[in-house]
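Engineer: Sharing start_6.cif, mmCIF, C-alpha atoms:
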```
data_entry
#
loop_
_atom_site.label_atom_id
_atom_site.label_comp_id
_atom_site.auth_asym_id
_atom_site.auth_seq_id
_atom_site.Cartn_x
_atom_site.Cartn_y
_atom_site.Cartn_z
CA MET A 134 -14.33 -3.10 15.42
CA LEU A 135 -16.98 -5.21 13.70
CA GLU A 136 -16.85 -7.78 16.51
CA ARG A 137 -17.52 -5.05 19.08
CA ALA A 138 -20.47 -3.68 17.09
CA LEU A 139 -22.00 -7.13 16.75
CA TYR A 140 -21.43 -7.82 20.44
CA SER A 141 -23.23 -4.55 21.24
CA LEU A 142 -26.09 -5.51 18.92
CA THR A 143 -26.39 -8.83 20.73
CA ILE A 144 -26.70 -6.95 24.02
CA ALA A 145 -29.39 -4.76 22.42
CA GLY A 146 -31.19 -7.90 21.21
CA ALA A 147 -31.11 -9.42 24.69
CA VAL A 148 -32.36 -6.25 26.37
CA GLY A 149 -35.00 -5.46 23.74
CA SER A 150 -36.45 -8.95 23.65
CA GLY A 151 -36.37 -9.06 27.46
CA LEU A 152 -38.29 -5.78 27.70
CA THR A 153 -40.82 -7.04 25.18
CA ALA A 154 -41.20 -10.34 27.05
CA GLY A 155 -41.80 -8.43 30.28
CA MET A 156 -44.50 -6.31 28.74
CA PHE A 157 -46.25 -9.33 27.24
CA PHE A 158 -45.87 -11.21 30.53
CA ALA A 159 -47.63 -8.39 32.37
CA PHE A 160 -50.55 -8.58 29.95
CA SER A 161 -50.71 -12.38 30.17
CA SER A 162 -50.41 -12.59 33.92
CA PHE A 163 -52.65 -9.77 35.17
CA VAL A 164 -53.80 -7.11 32.71
CA MET A 165 -56.06 -9.36 30.66
CA ALA A 166 -57.30 -11.14 33.80
CA GLY A 167 -58.17 -7.75 35.28
CA LEU A 168 -60.01 -6.69 32.14
CA ALA A 169 -61.93 -9.98 32.15
CA ARG A 170 -63.27 -9.17 35.63
CA VAL A 171 -65.09 -6.00 34.57
CA GLU A 172 -68.24 -5.67 32.49
CA PRO A 173 -67.58 -6.30 28.79
CA ARG A 174 -68.25 -2.69 27.79
CA SER A 175 -65.63 -1.47 30.29
CA GLY A 176 -63.12 -4.13 29.25
CA VAL A 177 -63.64 -3.40 25.58
CA ALA A 178 -63.31 0.36 26.10
CA ALA A 179 -60.13 -0.09 28.15
CA MET A 180 -58.54 -2.42 25.59
CA GLN A 181 -59.53 -0.13 22.73
CA SER A 182 -57.73 2.70 24.55
CA ILE A 183 -54.68 0.53 25.24
CA ASN A 184 -54.50 -0.49 21.58
CA VAL A 185 -54.38 3.16 20.53
CA THR A 186 -51.85 4.32 23.13
CA VAL A 187 -49.46 1.39 22.60
CA ILE A 188 -48.58 2.79 19.18
CA ASN A 189 -45.98 5.26 20.42
CA PRO A 190 -42.32 5.93 19.60
CA VAL A 191 -40.85 4.26 22.70
CA PHE A 192 -42.82 1.04 22.31
CA MET A 193 -42.22 0.89 18.56
CA LEU A 194 -38.47 1.46 19.04
CA VAL A 195 -38.23 -1.46 21.46
CA PHE A 196 -40.66 -3.77 19.63
CA MET A 197 -39.66 -3.18 16.00
CA GLY A 198 -36.10 -2.05 16.73
CA THR A 199 -35.41 -5.37 18.41
CA GLY A 200 -36.77 -7.09 15.31
CA LEU A 201 -34.32 -5.15 13.14
CA VAL A 202 -31.47 -6.01 15.51
CA ALA A 203 -32.48 -9.68 15.38
CA LEU A 204 -32.51 -9.63 11.58
CA GLY A 205 -29.09 -7.96 11.52
CA LEU A 206 -27.66 -10.56 13.88
CA ALA A 207 -29.18 -13.36 11.79
CA ALA A 208 -27.54 -11.91 8.67
CA ALA A 209 -24.21 -11.69 10.50
CA ALA A 210 -24.57 -15.29 11.66
CA PHE A 211 -25.22 -16.40 8.07
CA ALA A 212 -22.17 -14.43 6.95
CA GLY A 213 -20.02 -16.48 9.32
CA TRP A 214 -19.21 -13.84 11.94
CA THR A 215 -20.17 -15.95 14.92
CA GLY A 216 -18.82 -19.43 14.31
CA GLY A 217 -20.26 -21.53 17.14
CA GLU A 218 -22.77 -18.85 18.06
CA ALA A 219 -24.47 -18.86 14.66
CA ILE A 220 -27.14 -21.41 15.57
CA ILE A 221 -27.87 -19.66 18.86
CA LEU A 222 -28.25 -16.27 17.17
CA LEU A 223 -30.32 -17.65 14.29
CA THR A 224 -32.67 -19.37 16.72
CA ALA A 225 -32.97 -16.24 18.86
CA ALA A 226 -33.69 -14.11 15.80
CA ALA A 227 -36.29 -16.56 14.49
CA LEU A 228 -38.01 -16.73 17.87
CA TYR A 229 -38.27 -12.96 18.05
CA VAL A 230 -39.16 -12.21 14.44
CA VAL A 231 -41.58 -15.11 13.90
CA GLY A 232 -42.83 -15.76 17.44
CA CYS A 233 -43.15 -12.15 18.48
CA ILE A 234 -43.56 -9.85 15.47
CA GLY A 235 -45.07 -12.49 13.17
CA VAL A 236 -47.61 -13.64 15.75
CA THR A 237 -48.47 -10.03 16.56
CA MET A 238 -49.18 -9.19 12.92
CA ALA A 239 -50.97 -12.45 12.09
CA PHE A 240 -53.12 -12.83 15.21
CA ASN A 241 -53.09 -10.01 17.77
CA VAL A 242 -53.41 -7.08 15.36
CA PRO A 243 -56.42 -8.55 13.50
CA LEU A 244 -58.11 -9.20 16.86
CA ASN A 245 -57.33 -5.61 17.89
CA ASN A 246 -58.74 -4.31 14.61
CA ALA A 247 -61.95 -6.31 15.08
CA LEU A 248 -62.32 -4.92 18.59
CA ALA A 249 -61.70 -1.37 17.37
CA ALA A 250 -64.51 -1.73 14.83
CA VAL A 251 -67.29 -2.16 17.40
CA PRO A 252 -68.75 0.38 19.82
CA ALA A 253 -67.74 -0.64 23.35
CA ASP A 254 -71.31 -0.60 24.64
CA SER A 255 -72.82 -2.67 21.80
CA ALA A 256 -74.09 -6.25 21.85
CA ALA A 257 -71.53 -7.08 19.15
CA ALA A 258 -68.72 -5.91 21.44
CA ALA A 259 -69.99 -8.03 24.33
CA GLU A 260 -70.17 -11.08 22.06
CA LEU A 261 -66.71 -10.42 20.59
CA TRP A 262 -65.16 -9.74 24.00
CA THR A 263 -65.31 -13.34 25.24
CA ARG A 264 -63.59 -14.67 22.11
CA TYR A 265 -61.14 -11.75 22.11
CA LEU A 266 -60.06 -12.40 25.70
CA ARG A 267 -59.47 -16.09 25.00
CA ASP A 268 -57.75 -15.78 21.61
CA TRP A 269 -55.75 -12.59 22.19
CA THR A 270 -54.43 -13.89 25.51
CA PHE A 271 -53.46 -17.25 23.99
CA TRP A 272 -51.43 -15.54 21.27
CA ASN A 273 -49.98 -13.17 23.83
CA HIS A 274 -48.72 -16.20 25.78
CA VAL A 275 -47.00 -17.34 22.58
CA ARG A 276 -45.39 -13.91 22.15
CA THR A 277 -44.27 -13.93 25.78
CA VAL A 278 -42.54 -17.29 25.49
CA ALA A 279 -40.98 -16.42 22.13
CA SER A 280 -39.62 -13.07 23.34
CA LEU A 281 -38.30 -14.56 26.57
CA GLY A 282 -36.70 -17.44 24.66
CA ALA A 283 -35.04 -14.98 22.29
CA SER A 284 -33.69 -12.97 25.23
CA VAL A 285 -32.27 -16.08 26.91
CA LEU A 286 -30.62 -17.17 23.66
CA PHE A 287 -29.12 -13.73 23.02
CA VAL A 288 -27.63 -13.86 26.52
CA ALA A 289 -26.37 -17.40 25.83
CA ALA A 290 -24.62 -16.10 22.70
CA LEU A 291 -23.00 -13.34 24.76
CA ILE A 292 -21.81 -15.84 27.36
CA ARG A 293 -20.47 -18.17 24.68
CA ASN A 294 -18.67 -15.26 23.02
CA ALA A 295 -17.11 -14.18 26.32
CA ALA A 296 -15.92 -17.74 27.03
CA VAL A 297 -14.10 -18.08 23.68
#
```
In structure tokens, write the structure found in this file.
Structural biologist:
Amino acid sequence: MLERALYSLTIAGAVGSGLTAGMFFAFSSFVMAGLARVEPRSGVAAMQSINVTVINPVFMLVFMGTGLVALGLAAAAFAGWTGGEAIILLTAAALYVVGCIGVTMAFNVPLNNALAAVPADSAAAAELWTRYLRDWTFWNHVRTVASLGASVLFVAALIRNAAV
């Protein structure tokens, strides 16, 4: 029974981190580039709106719920449930929790807060916008790679479990 629950949590970790990686990939590959092509006041206003609407139950369930799943799987790996899969699950969990949630809280959220504090049509917003685009997108690339790596490793753990 416990094995089945942990197997199901690993599937949830793979799917959740994959969804998160896909969302971050979209921002890294075309959303931010599109916002960079418009006048700063329009880009700032659009990103300010995005940063408000992203805080919704569906996004938070996937983003933070996957973090909780990852922590649960890491605890199970430490407890010895997985045997050979322990290192895979611990690495996947660390990638997601540190590389996705940790980076978000340490870098992307403070940049979002700074952007929210300026009127979109101000000189301060235009000055901030160039740095915001560069720095936020860099850290978003990090989150994309970390989330995708976590998803791949969760799938690897599932494959390893099925082969044993």
Engineer: Can you turn the PyMOL selection byres ((chain A and resi 275-281) around 8) into a concrete residue list for this file, as a ChimeraX atom specification?
Structural biologist: /A:150-151,153-155,157-158,161,228-229,232-233,236-237,271-274,282-285
Engineer: Restricting the calculation to all atoms listed in the file, which member of A:Glu260, A:Leu286, A:Ala295, A:Thr270 is positioned closest to Leu168 in chain A?
Structural biologist: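 Once distances to Leu168 in chain A are computed over all atoms listed in the file, the minimum belongs to A:Thr270.
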Engineer: Using only C-alpha atoms, I'd like a table of the residues in range 139-191 of chain A that come within 9 Å of range 195-212 of chain A; for each, show the closest atom pair and its distance in Å rounded to one decimal, ordered by chain and ascending number, as CSV.
Structural biologist:
```
residue,atom,partner,partner_atom,distance
A:Leu139,CA,A:Leu206,CA,7.2
A:Leu142,CA,A:Val202,CA,6.4
A:Thr143,CA,A:Leu206,CA,7.2
A:Ala145,CA,A:Thr199,CA,7.3
A:Gly146,CA,A:Thr199,CA,5.7
A:Ala147,CA,A:Thr199,CA,8.6
A:Val148,CA,A:Thr199,CA,8.6
A:Gly149,CA,A:Thr199,CA,5.3
A:Ser150,CA,A:Thr199,CA,6.4
A:Leu152,CA,A:Val195,CA,7.6
A:Thr153,CA,A:Phe196,CA,6.4
A:Pro190,CA,A:Val195,CA,8.6
A:Val191,CA,A:Val195,CA,6.4
```
Engineer: Nearest residue to Arg174 in chain A out of A:Ala258, A:Ile188, A:Leu266, A:Leu223, using all atoms listed in the file?
Structural biologist: A:Ala258
Engineer: Using all atoms listed in the file, pick whichever of A:Val187, A:Val288, A:Ile220, A:Ala226 has the shortest atom-to-atom distance to Ser141 in chain A.
Structural biologist: A:Val288
Engineer: For this file, the PyMOL selection byres ((chain A and resi 165) around 12) selects which residues, as a VMD selection string?
Structural biologist: chain A and resid 157 to 164 166 to 171 176 to 177 179 to 180 183 262 to 263 265 to 271 273 to 274
